[in-house]
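Worksheet for the structure shown next.
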Amino acid sequence: MAGNGTRRKVIKAQAAKSGGGPRVVAGRGHRLSASVYSAVESRGAEVAGGFAEYVTRNAPRQEWALIAKLILDEAFADPVGTRVGDLAGAAAERRQSLLEQVATLKAGEAGRVLAPRAGESRTLVKKLRDDGVLLGLPLGRRPDYHYPAFQFDTVRHRVWPIVAYANSRLGAAEDPWGVTSWWRTPSDILDGRTPLQELEDGDLTEIAVDNMISAAERGV
């Protein structure tokens, strides 16, 4: 892979030191926040509680059974739960689609790339993942982590420095799926190319990464 020199002019931005500065969401639309789900659930509980209080204070006793049936019918219809389920299902489909587009290594394979002679290679992989330097995609309940293969310099047995820089700045430890999506998303800063394409051509730089993050923060 070629060095990290760029072949085009990019917008000059204040470059952050590796590991420094605030971590940001990978990009608009990449993260599916759990706060959305909790907000919907809380609002549904609030409305249901208020309605129940109104019924007990104002409805004639003989109508309670009918009202209770209506409430139960609505509960089983579960419009709030359905919306939450739809969001969760969409997130799962997005993750599966992303996983099919990215070649990955299992933890043992990643360990052999990074430390082929070390007995504690899995520990090294976990540390890099926890530090946000290495993207690890959690699968299943355990979970079982899979590591996108583009991150590895297999000749020098390391994570590409520019990959480590971008992952760390984007918050890969907190949002690995969102950051993986960022790598495959075209950017105007890169003339419509993706960060992954720039990486593979040896053209991705820290300045370009900083410019893309700044653009995402401004909502551009």
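Residues in the structure tokens are numbered from 1 in each chain, the chains being A, B, ... in the order shown, and ligands are numbered from 1 in the order shown.
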
I'd like the contact shell of segment 118-130 of chain A - 10 Å cut-off, only C-alpha atoms, skipping same-chain residues fewer than 3 positions apart - returned as a PDB file with all heavy atoms, in the first residue's frame.
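Here's the written file around-v6.pdb:
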ATOM      1  N   ALA A 107     -11.707 -13.417  15.535  1.00  0.00           N
ATOM      2  CA  ALA A 107     -10.740 -12.936  16.522  1.00  0.00           C
ATOM      3  C   ALA A 107      -9.407 -13.663  16.421  1.00  0.00           C
ATOM      4  O   ALA A 107      -8.337 -13.041  16.463  1.00  0.00           O
ATOM      5  CB  ALA A 107     -11.324 -13.070  17.930  1.00  0.00           C
ATOM      6  N   GLY A 108      -9.439 -14.992  16.275  1.00  0.00           N
ATOM      7  CA  GLY A 108      -8.206 -15.762  16.175  1.00  0.00           C
ATOM      8  C   GLY A 108      -7.403 -15.403  14.942  1.00  0.00           C
ATOM      9  O   GLY A 108      -6.169 -15.294  14.987  1.00  0.00           O
ATOM     10  N   GLU A 109      -8.098 -15.186  13.824  1.00  0.00           N
ATOM     11  CA  GLU A 109      -7.419 -14.812  12.578  1.00  0.00           C
ATOM     12  C   GLU A 109      -6.795 -13.426  12.695  1.00  0.00           C
ATOM     13  O   GLU A 109      -5.660 -13.196  12.260  1.00  0.00           O
ATOM     14  CB  GLU A 109      -8.422 -14.852  11.424  1.00  0.00           C
ATOM     15  CG  GLU A 109      -8.963 -16.239  11.121  1.00  0.00           C
ATOM     16  CD  GLU A 109     -10.117 -16.212  10.148  1.00  0.00           C
ATOM     17  OE1 GLU A 109     -10.892 -15.223  10.142  1.00  0.00           O
ATOM     18  OE2 GLU A 109     -10.252 -17.180   9.370  1.00  0.00           O
ATOM     19  N   ALA A 110      -7.547 -12.501  13.305  1.00  0.00           N
ATOM     20  CA  ALA A 110      -7.013 -11.156  13.513  1.00  0.00           C
ATOM     21  C   ALA A 110      -5.786 -11.190  14.415  1.00  0.00           C
ATOM     22  O   ALA A 110      -4.805 -10.483  14.190  1.00  0.00           O
ATOM     23  CB  ALA A 110      -8.089 -10.252  14.110  1.00  0.00           C
ATOM     24  N   GLY A 111      -5.833 -12.039  15.445  1.00  0.00           N
ATOM     25  CA  GLY A 111      -4.702 -12.163  16.355  1.00  0.00           C
ATOM     26  C   GLY A 111      -3.465 -12.685  15.661  1.00  0.00           C
ATOM     27  O   GLY A 111      -2.345 -12.217  15.931  1.00  0.00           O
ATOM     28  N   ARG A 112      -3.635 -13.631  14.747  1.00  0.00           N
ATOM     29  CA  ARG A 112      -2.482 -14.182  14.029  1.00  0.00           C
ATOM     30  C   ARG A 112      -1.871 -13.174  13.062  1.00  0.00           C
ATOM     31  O   ARG A 112      -0.672 -13.199  12.789  1.00  0.00           O
ATOM     32  CB  ARG A 112      -2.887 -15.461  13.296  1.00  0.00           C
ATOM     33  CG  ARG A 112      -3.079 -16.658  14.228  1.00  0.00           C
ATOM     34  CD  ARG A 112      -3.232 -17.944  13.447  1.00  0.00           C
ATOM     35  NE  ARG A 112      -4.479 -18.011  12.722  1.00  0.00           N
ATOM     36  CZ  ARG A 112      -5.628 -18.435  13.250  1.00  0.00           C
ATOM     37  NH1 ARG A 112      -5.672 -18.818  14.529  1.00  0.00           N
ATOM     38  NH2 ARG A 112      -6.729 -18.500  12.513  1.00  0.00           N
ATOM     39  N   VAL A 113      -2.705 -12.259  12.555  1.00  0.00           N
ATOM     40  CA  VAL A 113      -2.177 -11.206  11.686  1.00  0.00           C
ATOM     41  C   VAL A 113      -1.353 -10.215  12.495  1.00  0.00           C
ATOM     42  O   VAL A 113      -0.249  -9.823  12.099  1.00  0.00           O
ATOM     43  CB  VAL A 113      -3.325 -10.470  10.964  1.00  0.00           C
ATOM     44  CG1 VAL A 113      -2.806  -9.211  10.271  1.00  0.00           C
ATOM     45  CG2 VAL A 113      -3.993 -11.382   9.943  1.00  0.00           C
ATOM     46  N   LEU A 114      -1.877  -9.804  13.644  1.00  0.00           N
ATOM     47  CA  LEU A 114      -1.219  -8.767  14.434  1.00  0.00           C
ATOM     48  C   LEU A 114      -0.043  -9.289  15.247  1.00  0.00           C
ATOM     49  O   LEU A 114       0.927  -8.560  15.496  1.00  0.00           O
ATOM     50  CB  LEU A 114      -2.239  -8.112  15.376  1.00  0.00           C
ATOM     51  CG  LEU A 114      -3.374  -7.343  14.688  1.00  0.00           C
ATOM     52  CD1 LEU A 114      -4.378  -6.853  15.718  1.00  0.00           C
ATOM     53  CD2 LEU A 114      -2.821  -6.166  13.887  1.00  0.00           C
ATOM     54  N   ALA A 115      -0.127 -10.509  15.695  1.00  0.00           N
ATOM     55  CA  ALA A 115       0.945 -11.073  16.528  1.00  0.00           C
ATOM     56  C   ALA A 115       1.111 -12.544  16.207  1.00  0.00           C
ATOM     57  O   ALA A 115       0.704 -13.409  16.992  1.00  0.00           O
ATOM     58  CB  ALA A 115       0.620 -10.875  18.011  1.00  0.00           C
ATOM     59  N   VAL A 133      -9.182   1.544  18.519  1.00  0.00           N
ATOM     60  CA  VAL A 133      -8.245   1.564  17.401  1.00  0.00           C
ATOM     61  C   VAL A 133      -8.659   0.573  16.317  1.00  0.00           C
ATOM     62  O   VAL A 133      -8.465   0.818  15.127  1.00  0.00           O
ATOM     63  CB  VAL A 133      -6.821   1.242  17.906  1.00  0.00           C
ATOM     64  CG1 VAL A 133      -5.858   1.038  16.753  1.00  0.00           C
ATOM     65  CG2 VAL A 133      -6.325   2.352  18.824  1.00  0.00           C
ATOM     66  N   LEU A 134      -9.254  -0.529  16.739  1.00  0.00           N
ATOM     67  CA  LEU A 134      -9.625  -1.614  15.833  1.00  0.00           C
ATOM     68  C   LEU A 134     -11.133  -1.814  15.861  1.00  0.00           C
ATOM     69  O   LEU A 134     -11.735  -1.931  16.932  1.00  0.00           O
ATOM     70  CB  LEU A 134      -8.918  -2.901  16.260  1.00  0.00           C
ATOM     71  CG  LEU A 134      -9.120  -4.148  15.401  1.00  0.00           C
ATOM     72  CD1 LEU A 134      -8.535  -3.942  14.010  1.00  0.00           C
ATOM     73  CD2 LEU A 134      -8.482  -5.362  16.079  1.00  0.00           C
ATOM     74  N   LEU A 135     -11.736  -1.860  14.677  1.00  0.00           N
ATOM     75  CA  LEU A 135     -13.172  -2.111  14.573  1.00  0.00           C
ATOM     76  C   LEU A 135     -13.464  -3.581  14.811  1.00  0.00           C
ATOM     77  O   LEU A 135     -12.918  -4.445  14.122  1.00  0.00           O
ATOM     78  CB  LEU A 135     -13.670  -1.736  13.178  1.00  0.00           C
ATOM     79  CG  LEU A 135     -14.035  -0.294  12.883  1.00  0.00           C
ATOM     80  CD1 LEU A 135     -14.307  -0.140  11.391  1.00  0.00           C
ATOM     81  CD2 LEU A 135     -15.238   0.133  13.699  1.00  0.00           C
ATOM     82  N   GLY A 136     -14.330  -3.861  15.778  1.00  0.00           N
ATOM     83  CA  GLY A 136     -14.799  -5.219  16.002  1.00  0.00           C
ATOM     84  C   GLY A 136     -16.315  -5.235  15.984  1.00  0.00           C
ATOM     85  O   GLY A 136     -16.967  -4.538  16.768  1.00  0.00           O
ATOM     86  N   LEU A 137     -16.906  -5.988  15.073  1.00  0.00           N
ATOM     87  CA  LEU A 137     -18.356  -6.023  14.915  1.00  0.00           C
ATOM     88  C   LEU A 137     -18.941  -7.146  15.768  1.00  0.00           C
ATOM     89  O   LEU A 137     -18.654  -8.320  15.530  1.00  0.00           O
ATOM     90  CB  LEU A 137     -18.723  -6.230  13.445  1.00  0.00           C
ATOM     91  CG  LEU A 137     -18.156  -5.184  12.482  1.00  0.00           C
ATOM     92  CD1 LEU A 137     -18.551  -5.531  11.048  1.00  0.00           C
ATOM     93  CD2 LEU A 137     -18.633  -3.793  12.851  1.00  0.00           C
ATOM     94  N   TYR A 145     -16.934 -11.436  18.004  1.00  0.00           N
ATOM     95  CA  TYR A 145     -16.512 -10.275  17.222  1.00  0.00           C
ATOM     96  C   TYR A 145     -15.874 -10.679  15.895  1.00  0.00           C
ATOM     97  O   TYR A 145     -15.080 -11.613  15.843  1.00  0.00           O
ATOM     98  CB  TYR A 145     -15.519  -9.417  18.018  1.00  0.00           C
ATOM     99  CG  TYR A 145     -16.171  -8.639  19.136  1.00  0.00           C
ATOM    100  CD1 TYR A 145     -16.271  -9.174  20.417  1.00  0.00           C
ATOM    101  CD2 TYR A 145     -16.710  -7.370  18.906  1.00  0.00           C
ATOM    102  CE1 TYR A 145     -16.882  -8.462  21.445  1.00  0.00           C
ATOM    103  CE2 TYR A 145     -17.316  -6.655  19.923  1.00  0.00           C
ATOM    104  CZ  TYR A 145     -17.395  -7.204  21.184  1.00  0.00           C
ATOM    105  OH  TYR A 145     -18.002  -6.501  22.205  1.00  0.00           O
ATOM    106  N   TYR A 147     -13.781  -8.792  12.584  1.00  0.00           N
ATOM    107  CA  TYR A 147     -12.980  -7.594  12.359  1.00  0.00           C
ATOM    108  C   TYR A 147     -12.818  -7.330  10.861  1.00  0.00           C
ATOM    109  O   TYR A 147     -12.264  -8.179  10.147  1.00  0.00           O
ATOM    110  CB  TYR A 147     -11.608  -7.760  13.015  1.00  0.00           C
ATOM    111  CG  TYR A 147     -11.714  -7.965  14.504  1.00  0.00           C
ATOM    112  CD1 TYR A 147     -11.915  -9.242  15.038  1.00  0.00           C
ATOM    113  CD2 TYR A 147     -11.646  -6.885  15.367  1.00  0.00           C
ATOM    114  CE1 TYR A 147     -12.046  -9.436  16.407  1.00  0.00           C
ATOM    115  CE2 TYR A 147     -11.760  -7.066  16.742  1.00  0.00           C
ATOM    116  CZ  TYR A 147     -11.973  -8.343  17.249  1.00  0.00           C
ATOM    117  OH  TYR A 147     -12.106  -8.520  18.603  1.00  0.00           O
ATOM    118  N   VAL A 159      -2.303  -2.574  12.607  1.00  0.00           N
ATOM    119  CA  VAL A 159      -3.444  -1.849  12.051  1.00  0.00           C
ATOM    120  C   VAL A 159      -2.865  -0.664  11.280  1.00  0.00           C
ATOM    121  O   VAL A 159      -1.954   0.010  11.763  1.00  0.00           O
ATOM    122  CB  VAL A 159      -4.377  -1.349  13.169  1.00  0.00           C
ATOM    123  CG1 VAL A 159      -5.537  -0.556  12.585  1.00  0.00           C
ATOM    124  CG2 VAL A 159      -4.901  -2.520  13.992  1.00  0.00           C
ATOM    125  N   ALA A 164      -6.281   3.403  12.276  1.00  0.00           N
ATOM    126  CA  ALA A 164      -6.303   3.580  13.733  1.00  0.00           C
ATOM    127  C   ALA A 164      -6.700   5.009  14.092  1.00  0.00           C
ATOM    128  O   ALA A 164      -7.478   5.238  15.021  1.00  0.00           O
ATOM    129  CB  ALA A 164      -4.938   3.236  14.325  1.00  0.00           C
ATOM    130  N   ASN A 167     -10.543   5.476  13.182  1.00  0.00           N
ATOM    131  CA  ASN A 167     -11.378   4.717  14.115  1.00  0.00           C
ATOM    132  C   ASN A 167     -11.421   5.383  15.484  1.00  0.00           C
ATOM    133  O   ASN A 167     -12.476   5.474  16.129  1.00  0.00           O
ATOM    134  CB  ASN A 167     -10.853   3.292  14.253  1.00  0.00           C
ATOM    135  CG  ASN A 167     -11.168   2.427  13.051  1.00  0.00           C
ATOM    136  OD1 ASN A 167     -11.986   2.793  12.204  1.00  0.00           O
ATOM    137  ND2 ASN A 167     -10.519   1.278  12.955  1.00  0.00           N
ATOM    138  N   SER A 168     -10.266   5.831  15.946  1.00  0.00           N
ATOM    139  CA  SER A 168     -10.190   6.456  17.257  1.00  0.00           C
ATOM    140  C   SER A 168     -10.976   7.762  17.289  1.00  0.00           C
ATOM    141  O   SER A 168     -11.725   8.027  18.236  1.00  0.00           O
ATOM    142  CB  SER A 168      -8.721   6.715  17.620  1.00  0.00           C
ATOM    143  OG  SER A 168      -8.612   7.338  18.879  1.00  0.00           O
ATOM    144  N   ALA A 172     -14.911   4.229  17.445  1.00  0.00           N
ATOM    145  CA  ALA A 172     -15.212   2.865  17.010  1.00  0.00           C
ATOM    146  C   ALA A 172     -15.586   1.947  18.162  1.00  0.00           C
ATOM    147  O   ALA A 172     -16.353   0.997  17.981  1.00  0.00           O
ATOM    148  CB  ALA A 172     -14.010   2.280  16.259  1.00  0.00           C
ATOM    149  N   ALA A 173     -15.059   2.201  19.355  1.00  0.00           N
ATOM    150  CA  ALA A 173     -15.377   1.339  20.498  1.00  0.00           C
ATOM    151  C   ALA A 173     -16.849   1.456  20.880  1.00  0.00           C
ATOM    152  O   ALA A 173     -17.469   0.477  21.294  1.00  0.00           O
ATOM    153  CB  ALA A 173     -14.485   1.703  21.692  1.00  0.00           C
ATOM    154  N   GLU A 174     -17.417   2.654  20.730  1.00  0.00           N
ATOM    155  CA  GLU A 174     -18.813   2.865  21.112  1.00  0.00           C
ATOM    156  C   GLU A 174     -19.788   2.563  19.984  1.00  0.00           C
ATOM    157  O   GLU A 174     -20.922   2.167  20.231  1.00  0.00           O
ATOM    158  CB  GLU A 174     -19.016   4.319  21.563  1.00  0.00           C
ATOM    159  CG  GLU A 174     -18.314   4.704  22.847  1.00  0.00           C
ATOM    160  CD  GLU A 174     -16.848   5.062  22.624  1.00  0.00           C
ATOM    161  OE1 GLU A 174     -16.469   5.280  21.450  1.00  0.00           O
ATOM    162  OE2 GLU A 174     -16.082   5.111  23.599  1.00  0.00           O
ATOM    163  N   PRO A 176     -19.240   0.631  16.604  1.00  0.00           N
ATOM    164  CA  PRO A 176     -18.482  -0.045  15.539  1.00  0.00           C
ATOM    165  C   PRO A 176     -19.250  -0.164  14.233  1.00  0.00           C
ATOM    166  O   PRO A 176     -18.657  -0.061  13.148  1.00  0.00           O
ATOM    167  CB  PRO A 176     -18.174  -1.418  16.144  1.00  0.00           C
ATOM    168  CG  PRO A 176     -19.219  -1.629  17.198  1.00  0.00           C
ATOM    169  CD  PRO A 176     -19.486  -0.267  17.759  1.00  0.00           C
TER     170      PRO A 176
END

Out of A:Arg193, A:Arg184, A:His157, A:His146, which residue has the shortest atom-to-atom distance to Leu98 of chain A when counting only C-alpha atoms? A:Arg184

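DSSP on the backbone gives strand (DSSP E) for these parts of segment 124-156 of chain A: Leu137, Pro138, Leu139, Asp144, Tyr145, His146, Tyr147, Pro148, Phe152 and Asp153 of chain A.
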
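Atom CA of Glu206 of chain A lies 7.5 Å from atom CA of Ala166 of chain A.
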
Ser187 of chain A surroundings by only C-alpha atoms, 10 Å radius, close-in-sequence under 5 positions cut, as a ChimeraX atom specification: /A:182,192-195,212,215-216

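Among the candidate residues A:Asn211, A:Ala90, A:Arg95, A:Asp131, the one lying nearest to Gly178 of chain A is A:Arg95, with distances computed using only C-alpha atoms.
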
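When atom CA of Leu190 of chain A is paired with atom CA of Asp210 of chain A, their separation reads 11.9 Å.
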
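For Leu196 of chain A, the residues within 9 Å (counting only C-alpha atoms, excluding itself and residues fewer than 5 positions away along the chain) are Phe150, Trp182, Trp183, Arg184, Thr185, Asp201 and Leu204 of chain A.
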
Rounded to one decimal, what separation in Å do you get between atom CA of Val209 of chain A and atom CA of Ile162 of chain A? 8.8 Å
